[in-house]
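**Q** First the structure, which I've put down as structure tokens, then a few questions once you've had a look.
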Amino acid sequence: MGKNKKFVEAITSMSEDFAKWYTDIVKKAELVDYSSVKGCMIIRPYGYAIWENIQKDLDGRLKATGHENVYMPIFIPESLLQKEKDHVEGFAPEVAWVTHGGTEELTEKLCVRPTSETLFCEHYAKIVQSYNDLPKLYNQWCSVVRWEKTTRPFLRTTEFLWQEGHTVHATPEEAQKETIDMLNVYADLCEQTLAIPVIKGQKTEKEKFAGASATYTIESLMHDGKALQSGTSHNFGDNFAKAFGIQYTDKNGTLQYVHQTSWGVTTRLIGAIIMVHGDDSGLVLPPRIAPIQVVIVPIAQHKEGVLDKANELKDKIAKVARVKLDDSDKMPGWKFNEYEMKGVPVRLEVGPKDIENNQVVLVRRDTREKAVVSMDELEEKLSALLEDIQKSLLEKARTLRDEKTYVAHNMEEFKETADNKSGFIKAMWCGSRECEEKIKEIAGTTSRCIPFEQEHIEDKCVCCGKEAKHMVYWGKAY
């Protein structure tokens with residue numbers, strides 16, 4: 001028992017130190033390890049398996065909506081990056097540069113891609129000539145590098161994995177539809193697969209992507225009340241098209257500029273899963289992305305027939321779930337702790353008495369509730385249980401978010417809420433950058449988004465008292 005107790009104590013309590021709790025989980029659940037380069041992480045097999053499940057789900061959604069995968073180079077010439085002024089200014093502080101090839105200095109510096117807009121633009125300028133070439137709906141899965149000052153595994157790292165979609169369209173209307181459609185794809189991924197509820201909306205002018213006409217976002221709330229930007233979708237209008245000369249001949253023979261979009265989600269989503277669903281015993285994984293959905297722990301496995309039955313059950317369960325049988329010689333209590341730490345949704349216990357009674361014990365990770373189930377009904381009961389866990393995790397996260405969402409009618413109320421409570425603050429805004437910056441200065445919060453679902457709280461801006469234009473979600477964020 002001493003060993004089991006120590007295993008659990010290895011995680012710092014969430015209420016004691018949330019940042020330390022998070023770091024303990026990513027290390028002890030064997031999601032990542034630190035590398036010799038600051039801010040770069042080694043994604044271990046279990047962490048990568050979670051990413052693969054997210055990737056598979058999203059890749060299916062992208063292909064179902066007509067998108068094709070491509071791959072662009074990792075290096076961008078300096079002259080190419082500088083073609084779109086706002087874009088290069090926005091990324092300048094984060095860019096990593098290659099100045100030498102072997103021992104020779106390069107005639108032109110190469111940027112290690114922080115994002116690939118310029119590469120896609122260069123390519124599109126070559127291949128788009130006529131309206132018949134449009135639209136182009138491309139996506140790439142890759143890694144990008146951004147030289148971050150403060151790093152934390154999954155949430156903010158120097159190199160991270162992501163997908164970046166880049167599309168070109170004939171009209172502004174088509175580009176706008178694509179931008180919103182992709183935001184909805186991300187929202188569905190988060191809610192249906194990751195069990196994370198999100199707020200959909202538009203970023204303010206101050207917070208939009210460098211070079212975009214408009215940026216849209218899905219914002220989620222972590223257990224500690226901080227917001228996390230979980231995915232973004234950008235409408236570029238014809239800004240990049242004019243900088244890169246991407247034109248097509250329309251049906252009337254007139255030369256027109258294309259309209260573009262880009263959108264992406266990253267391995268940051270794994271950080272969101274940890275911080276939305278995790279508890280003091282470790283990870284809690286939604287079944288749809290859990291690498292192992294059911295773990296079989298044999299009880300008294302040295303006794304005759306126990307391992308044979310466990311293997312038989314494994315084959316049976318494999319038809320409906322991702323299953324693992326742990327037949328190692330570790331004590332059952334140690335195994336319980338280990339798979340709780342790893343967030344496996346369901347634990348199945350089977351021992352001599354269970355075999356005698358043609359039953360198993362199922363324990364769900366999210367609530368720790370136990371149920372005795374007949375072996376004859378196992379597949380059906382397991383499928384229903386996994387669905388129930390998925391649904392319950394979303395409902396629990398939505399309840400927590402709603403409990404941590406506050407309303408502020410004036411600046412005094414806003415500051416008091418920001419100082420004493422953690423979560424989203426809904427408040428009216430006049431639309432001026434001055435007020436946005438003043439709110440950050442006074443309360444330490446940033447605008448998260450102007451939600452599509454607007455509410456009328458007051459006629460006046462929470463900051464200056466002038467006529468309000470929007471209701472905005474504000475918060476402290478990762």
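Here's how to read the names in the structure tokens: chain A, B, ... by the order shown, residue numbers from 1 in each chain, ligand numbers from 1 in the order shown.
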For stretch 139-148 of chain A, find every residue with an atom within 8 Å (counting only C-alpha atoms), except residues of its own chain fewer than 2 positions away, and show them as an NGL selection string.

**A** :A and (39 or 67-72 or 74 or 93-96 or 112-115 or 137 or 150-151 or 156-166)

**Q** Take the selection from the previous step and output its residues with N, CA and C atoms, as a PDB file, in the first residue's frame.

**A**
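Written output follows (result-v9.pdb):
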ATOM      1  N   GLY A  39      11.987  24.919 -24.162  1.00  0.00           N
ATOM      2  CA  GLY A  39      10.693  25.148 -24.808  1.00  0.00           C
ATOM      3  C   GLY A  39      10.290  24.108 -25.820  1.00  0.00           C
ATOM      4  N   HIS A  67     -11.587  19.288 -48.356  1.00  0.00           N
ATOM      5  CA  HIS A  67     -10.207  19.766 -48.235  1.00  0.00           C
ATOM      6  C   HIS A  67      -9.208  18.663 -48.545  1.00  0.00           C
ATOM      7  N   GLU A  68      -8.067  19.080 -49.103  1.00  0.00           N
ATOM      8  CA  GLU A  68      -7.009  18.135 -49.456  1.00  0.00           C
ATOM      9  C   GLU A  68      -5.745  18.460 -48.671  1.00  0.00           C
ATOM     10  N   ASN A  69      -5.010  17.420 -48.290  1.00  0.00           N
ATOM     11  CA  ASN A  69      -3.756  17.624 -47.563  1.00  0.00           C
ATOM     12  C   ASN A  69      -2.588  17.823 -48.515  1.00  0.00           C
ATOM     13  N   VAL A  70      -1.729  18.778 -48.172  1.00  0.00           N
ATOM     14  CA  VAL A  70      -0.503  19.048 -48.932  1.00  0.00           C
ATOM     15  C   VAL A  70       0.634  19.214 -47.923  1.00  0.00           C
ATOM     16  N   TYR A  71       1.834  19.438 -48.427  1.00  0.00           N
ATOM     17  CA  TYR A  71       2.945  19.730 -47.513  1.00  0.00           C
ATOM     18  C   TYR A  71       3.831  20.810 -48.114  1.00  0.00           C
ATOM     19  N   MET A  72       4.131  21.808 -47.304  1.00  0.00           N
ATOM     20  CA  MET A  72       4.986  22.929 -47.706  1.00  0.00           C
ATOM     21  C   MET A  72       6.350  22.831 -47.023  1.00  0.00           C
ATOM     22  N   ILE A  74       9.736  23.624 -44.787  1.00  0.00           N
ATOM     23  CA  ILE A  74       9.902  24.150 -43.423  1.00  0.00           C
ATOM     24  C   ILE A  74      10.590  25.529 -43.434  1.00  0.00           C
ATOM     25  N   PRO A  93       9.006  39.086 -33.699  1.00  0.00           N
ATOM     26  CA  PRO A  93       9.660  38.743 -32.423  1.00  0.00           C
ATOM     27  C   PRO A  93       9.796  37.239 -32.180  1.00  0.00           C
ATOM     28  N   GLU A  94       9.015  36.417 -32.909  1.00  0.00           N
ATOM     29  CA  GLU A  94       8.986  34.978 -32.630  1.00  0.00           C
ATOM     30  C   GLU A  94       9.753  34.143 -33.656  1.00  0.00           C
ATOM     31  N   VAL A  95      10.314  34.789 -34.665  1.00  0.00           N
ATOM     32  CA  VAL A  95      10.907  34.037 -35.776  1.00  0.00           C
ATOM     33  C   VAL A  95      12.298  33.500 -35.441  1.00  0.00           C
ATOM     34  N   ALA A  96      12.534  32.228 -35.804  1.00  0.00           N
ATOM     35  CA  ALA A  96      13.869  31.617 -35.711  1.00  0.00           C
ATOM     36  C   ALA A  96      14.488  31.660 -37.108  1.00  0.00           C
ATOM     37  N   VAL A 112      12.581  29.656 -40.156  1.00  0.00           N
ATOM     38  CA  VAL A 112      11.937  28.366 -39.863  1.00  0.00           C
ATOM     39  C   VAL A 112      10.466  28.674 -39.643  1.00  0.00           C
ATOM     40  N   ARG A 113       9.592  28.045 -40.433  1.00  0.00           N
ATOM     41  CA  ARG A 113       8.202  28.519 -40.519  1.00  0.00           C
ATOM     42  C   ARG A 113       7.525  28.699 -39.161  1.00  0.00           C
ATOM     43  N   PRO A 114       6.989  29.923 -38.910  1.00  0.00           N
ATOM     44  CA  PRO A 114       6.142  30.146 -37.745  1.00  0.00           C
ATOM     45  C   PRO A 114       4.677  29.900 -38.131  1.00  0.00           C
ATOM     46  N   THR A 115       4.415  29.949 -39.445  1.00  0.00           N
ATOM     47  CA  THR A 115       3.124  29.713 -40.084  1.00  0.00           C
ATOM     48  C   THR A 115       3.408  29.781 -41.582  1.00  0.00           C
ATOM     49  N   LEU A 137      -8.830  24.262 -51.729  1.00  0.00           N
ATOM     50  CA  LEU A 137      -9.059  24.009 -50.303  1.00  0.00           C
ATOM     51  C   LEU A 137      -7.948  23.101 -49.776  1.00  0.00           C
ATOM     52  N   THR A 150       8.211  32.454 -22.513  1.00  0.00           N
ATOM     53  CA  THR A 150       7.725  31.620 -21.416  1.00  0.00           C
ATOM     54  C   THR A 150       7.039  30.407 -22.018  1.00  0.00           C
ATOM     55  N   THR A 151       7.480  29.216 -21.608  1.00  0.00           N
ATOM     56  CA  THR A 151       6.926  28.014 -22.228  1.00  0.00           C
ATOM     57  C   THR A 151       6.319  27.078 -21.190  1.00  0.00           C
ATOM     58  N   ARG A 156       2.233  26.354 -24.625  1.00  0.00           N
ATOM     59  CA  ARG A 156       3.064  27.331 -25.324  1.00  0.00           C
ATOM     60  C   ARG A 156       4.465  26.762 -25.407  1.00  0.00           C
ATOM     61  N   THR A 157       4.820  26.272 -26.598  1.00  0.00           N
ATOM     62  CA  THR A 157       6.144  25.672 -26.774  1.00  0.00           C
ATOM     63  C   THR A 157       6.828  26.268 -28.002  1.00  0.00           C
ATOM     64  N   THR A 158       8.137  26.157 -28.038  1.00  0.00           N
ATOM     65  CA  THR A 158       8.910  26.734 -29.142  1.00  0.00           C
ATOM     66  C   THR A 158       8.556  26.050 -30.463  1.00  0.00           C
ATOM     67  N   GLU A 159       8.445  24.724 -30.414  1.00  0.00           N
ATOM     68  CA  GLU A 159       7.960  23.975 -31.578  1.00  0.00           C
ATOM     69  C   GLU A 159       6.684  23.265 -31.162  1.00  0.00           C
ATOM     70  N   PHE A 160       5.679  23.291 -32.037  1.00  0.00           N
ATOM     71  CA  PHE A 160       4.454  22.536 -31.730  1.00  0.00           C
ATOM     72  C   PHE A 160       3.861  21.970 -33.016  1.00  0.00           C
ATOM     73  N   LEU A 161       3.012  20.970 -32.852  1.00  0.00           N
ATOM     74  CA  LEU A 161       2.343  20.338 -33.986  1.00  0.00           C
ATOM     75  C   LEU A 161       0.995  21.014 -34.202  1.00  0.00           C
ATOM     76  N   TRP A 162       0.588  21.087 -35.455  1.00  0.00           N
ATOM     77  CA  TRP A 162      -0.726  21.651 -35.754  1.00  0.00           C
ATOM     78  C   TRP A 162      -1.161  21.250 -37.147  1.00  0.00           C
ATOM     79  N   GLN A 163      -2.364  21.707 -37.496  1.00  0.00           N
ATOM     80  CA  GLN A 163      -2.770  21.700 -38.902  1.00  0.00           C
ATOM     81  C   GLN A 163      -3.045  23.143 -39.256  1.00  0.00           C
ATOM     82  N   GLU A 164      -2.724  23.496 -40.490  1.00  0.00           N
ATOM     83  CA  GLU A 164      -3.048  24.850 -40.956  1.00  0.00           C
ATOM     84  C   GLU A 164      -3.728  24.738 -42.311  1.00  0.00           C
ATOM     85  N   GLY A 165      -4.953  25.226 -42.363  1.00  0.00           N
ATOM     86  CA  GLY A 165      -5.698  25.236 -43.611  1.00  0.00           C
ATOM     87  C   GLY A 165      -5.484  26.559 -44.315  1.00  0.00           C
ATOM     88  N   HIS A 166      -5.341  26.514 -45.630  1.00  0.00           N
ATOM     89  CA  HIS A 166      -5.161  27.735 -46.435  1.00  0.00           C
ATOM     90  C   HIS A 166      -6.000  27.586 -47.693  1.00  0.00           C
TER      91      HIS A 166
END

**Q** Using the chain letters and numbers from this document, which residues of stretch 250-289 of chain A does DSSP assign to strand (DSSP E or B), as a compact mmCIF listing (two decimals) with C-alpha atoms, in the first residue's frame?

**A**
# COMPACT_ATOMS: atom_id res chain seq x y z
CA LEU A 255 -8.64 39.90 -63.96
CA GLN A 256 -9.64 39.65 -60.27
CA TYR A 257 -7.84 39.16 -56.97
CA HIS A 259 -9.99 36.02 -51.43
CA GLN A 260 -8.24 33.84 -48.87
CA THR A 261 -8.67 32.17 -45.51
CA SER A 262 -6.49 30.32 -43.05
CA TRP A 263 -7.36 28.37 -39.91
CA GLY A 264 -5.66 26.07 -37.41
CA VAL A 265 -5.67 24.06 -34.19
CA THR A 266 -2.63 22.71 -32.37
CA ASP A 279 -8.52 15.94 -11.29
CA GLY A 282 -4.46 12.69 -12.93

**Q** Pick out the residues sitting within 12 Å of A:Ser79, and hand them over as a PyMOL selection string; count only C-alpha atoms, and ignore anything fewer than 6 positions along from it in its own chain.

**A** chain A and resi 85+88+107-111+118-119+122+244

**Q** Give me the residues near A:Tyr34 as a CSV table (one decimal) with C-alpha atoms, in the first residue's frame, where near means some atom within 12 Å (using only C-alpha atoms) and where sequence neighbours in that chain fewer than 3 positions away do not count.

**A**
chain,number,residue,atom,x,y,z
A,23,THR,CA,3.2,19.9,-15.0
A,26,VAL,CA,2.0,15.9,-18.2
A,27,LYS,CA,5.1,14.3,-16.8
A,30,GLU,CA,3.9,10.0,-19.6
A,31,LEU,CA,2.6,12.5,-22.1
A,37,VAL,CA,16.3,22.7,-26.2
A,38,LYS,CA,14.4,25.1,-24.0
A,39,GLY,CA,10.7,25.1,-24.8
A,40,CYS,CA,10.8,22.1,-27.0
A,41,MET,CA,9.0,18.9,-25.8
A,42,ILE,CA,9.4,15.3,-26.5
A,43,ILE,CA,5.9,14.0,-27.0
A,44,ARG,CA,5.9,10.4,-25.6
A,151,THR,CA,6.9,28.0,-22.2
A,152,ARG,CA,4.7,25.3,-20.8
A,153,PRO,CA,4.2,21.8,-22.4
A,154,PHE,CA,1.3,21.8,-24.9
A,157,THR,CA,6.1,25.7,-26.8
A,158,THR,CA,8.9,26.7,-29.1

**Q** Excluding stretch 374-380 of chain A and residues on its chain fewer than 2 positions from it, collect all residues at most 8 Å away from it, counting only C-alpha atoms, and give them as a ChimeraX atom specification.

**A** /A:316-317,319-320,358-360,372,382-384

**Q** Could you list, as a list in words, every residue within 8 Å of stretch 305-310 of chain A, counting only C-alpha atoms and ignoring same-chain residues fewer than 5 positions away?

**A**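 Selected residues are Ile296, Pro298, Ile299, Ala300, Leu325, Asp327, Val350, Gly351, Pro352 and Ile355 of chain A.
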
**Q** Using N, CA and C atoms, can you write the selected residues to a file as a PDB file, in the first residue's frame?

**A**
ATOM      1  N   ILE A 296      -8.291  -3.800 -18.765  1.00  0.00           N
ATOM      2  CA  ILE A 296      -8.674  -4.986 -17.992  1.00  0.00           C
ATOM      3  C   ILE A 296      -7.600  -5.257 -16.947  1.00  0.00           C
ATOM      4  N   PRO A 298      -6.798  -7.980 -14.203  1.00  0.00           N
ATOM      5  CA  PRO A 298      -7.165  -9.270 -13.611  1.00  0.00           C
ATOM      6  C   PRO A 298      -6.869  -9.269 -12.108  1.00  0.00           C
ATOM      7  N   ILE A 299      -7.775  -9.833 -11.327  1.00  0.00           N
ATOM      8  CA  ILE A 299      -7.597  -9.946  -9.874  1.00  0.00           C
ATOM      9  C   ILE A 299      -7.196 -11.403  -9.575  1.00  0.00           C
ATOM     10  N   ALA A 300      -6.158 -11.564  -8.761  1.00  0.00           N
ATOM     11  CA  ALA A 300      -5.626 -12.915  -8.453  1.00  0.00           C
ATOM     12  C   ALA A 300      -5.306 -13.652  -9.752  1.00  0.00           C
ATOM     13  N   LEU A 325      -5.144  -5.195 -21.905  1.00  0.00           N
ATOM     14  CA  LEU A 325      -5.100  -6.117 -20.770  1.00  0.00           C
ATOM     15  C   LEU A 325      -3.754  -5.934 -20.092  1.00  0.00           C
ATOM     16  N   ASP A 327      -1.503  -7.610 -17.841  1.00  0.00           N
ATOM     17  CA  ASP A 327      -1.221  -8.880 -17.162  1.00  0.00           C
ATOM     18  C   ASP A 327       0.178  -8.868 -16.538  1.00  0.00           C
ATOM     19  N   VAL A 350     -11.715  -8.381 -13.178  1.00  0.00           N
ATOM     20  CA  VAL A 350     -12.244  -9.747 -13.254  1.00  0.00           C
ATOM     21  C   VAL A 350     -11.359 -10.677 -12.434  1.00  0.00           C
ATOM     22  N   GLY A 351     -11.972 -11.421 -11.530  1.00  0.00           N
ATOM     23  CA  GLY A 351     -11.256 -12.364 -10.681  1.00  0.00           C
ATOM     24  C   GLY A 351     -12.002 -13.686 -10.615  1.00  0.00           C
ATOM     25  N   PRO A 352     -11.503 -14.650  -9.808  1.00  0.00           N
ATOM     26  CA  PRO A 352     -12.121 -15.977  -9.728  1.00  0.00           C
ATOM     27  C   PRO A 352     -13.610 -15.942  -9.395  1.00  0.00           C
ATOM     28  N   ILE A 355     -15.663 -14.742 -12.378  1.00  0.00           N
ATOM     29  CA  ILE A 355     -15.756 -15.792 -13.408  1.00  0.00           C
ATOM     30  C   ILE A 355     -16.830 -16.809 -13.015  1.00  0.00           C
TER      31      ILE A 355
END

**Q** Restricting the calculation to only C-alpha atoms, which member of A:His123, A:Lys476, A:Lys469, A:Arg401 is positioned closest to A:Thr445?

**A** A:Lys476

**Q** Tell me which of A:Tyr186, A:Tyr248, A:Phe236, A:Tyr22 sits closest to A:Ile127, counting only C-alpha atoms.

**A** A:Tyr248

**Q** Find, counting only C-alpha atoms, the residue in A:Arg347, A:Lys330, A:Arg433, A:Lys381 that gets nearest to A:Val363.

**A**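 When distances to A:Val363 are compared using only C-alpha atoms, the smallest one comes from A:Arg347.
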
**Q** With only C-alpha atoms as the basis for distance, which of A:Thr167, A:Ser230, A:Gln301, A:Gln202 is at the shortest distance from A:Ser116?

**A**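 Closest to A:Ser116 of all the choices is A:Thr167.
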
**Q** Write out as a VMD selection string each polymer residue whose atoms come within 7 Å of A:His470, counting only C-alpha atoms; drop sequence neighbours fewer than 4 positions from it.

**A** chain A and resid 428 to 430 450

**Q** Any chance you could export the current selection's N, CA and C atoms as a PDB file, in the first residue's frame?

**A**
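Heads up, here's the output in result.pdb:
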ATOM      1  N   MET A 428     -20.306  45.015 -21.645  1.00  0.00           N
ATOM      2  CA  MET A 428     -20.510  45.777 -22.887  1.00  0.00           C
ATOM      3  C   MET A 428     -19.278  46.615 -23.207  1.00  0.00           C
ATOM      4  N   TRP A 429     -19.088  46.872 -24.510  1.00  0.00           N
ATOM      5  CA  TRP A 429     -17.885  47.579 -24.996  1.00  0.00           C
ATOM      6  C   TRP A 429     -18.255  48.488 -26.151  1.00  0.00           C
ATOM      7  N   CYS A 430     -17.616  49.663 -26.163  1.00  0.00           N
ATOM      8  CA  CYS A 430     -17.920  50.666 -27.195  1.00  0.00           C
ATOM      9  C   CYS A 430     -17.228  50.383 -28.525  1.00  0.00           C
ATOM     10  N   ILE A 450     -15.883  38.593 -29.295  1.00  0.00           N
ATOM     11  CA  ILE A 450     -17.211  39.199 -29.422  1.00  0.00           C
ATOM     12  C   ILE A 450     -18.108  38.042 -29.854  1.00  0.00           C
TER      13      ILE A 450
END

**Q** Can you tell me how far atom CA of A:Leu228 sits from atom CA of A:Phe209, in Å to one decimal?

**A** 15.9 Å

**Q** Between atom CA of A:Tyr46 and atom CA of A:Leu183, measure the distance and give it in Å to one decimal.

**A** 27.8 Å

**Q** Work out how far atom CA of A:Pro77 is from atom CA of A:Thr103, in Å to one decimal.

**A** 18.8 Å

**Q** Between A:Gly231, A:Gly225, A:Gly333, A:Gly237, which has the minimum distance to A:Gly475 (counting only C-alpha atoms)?

**A**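 Comparing A:Gly231, A:Gly225, A:Gly333, A:Gly237 against A:Gly475, the winner is A:Gly225.
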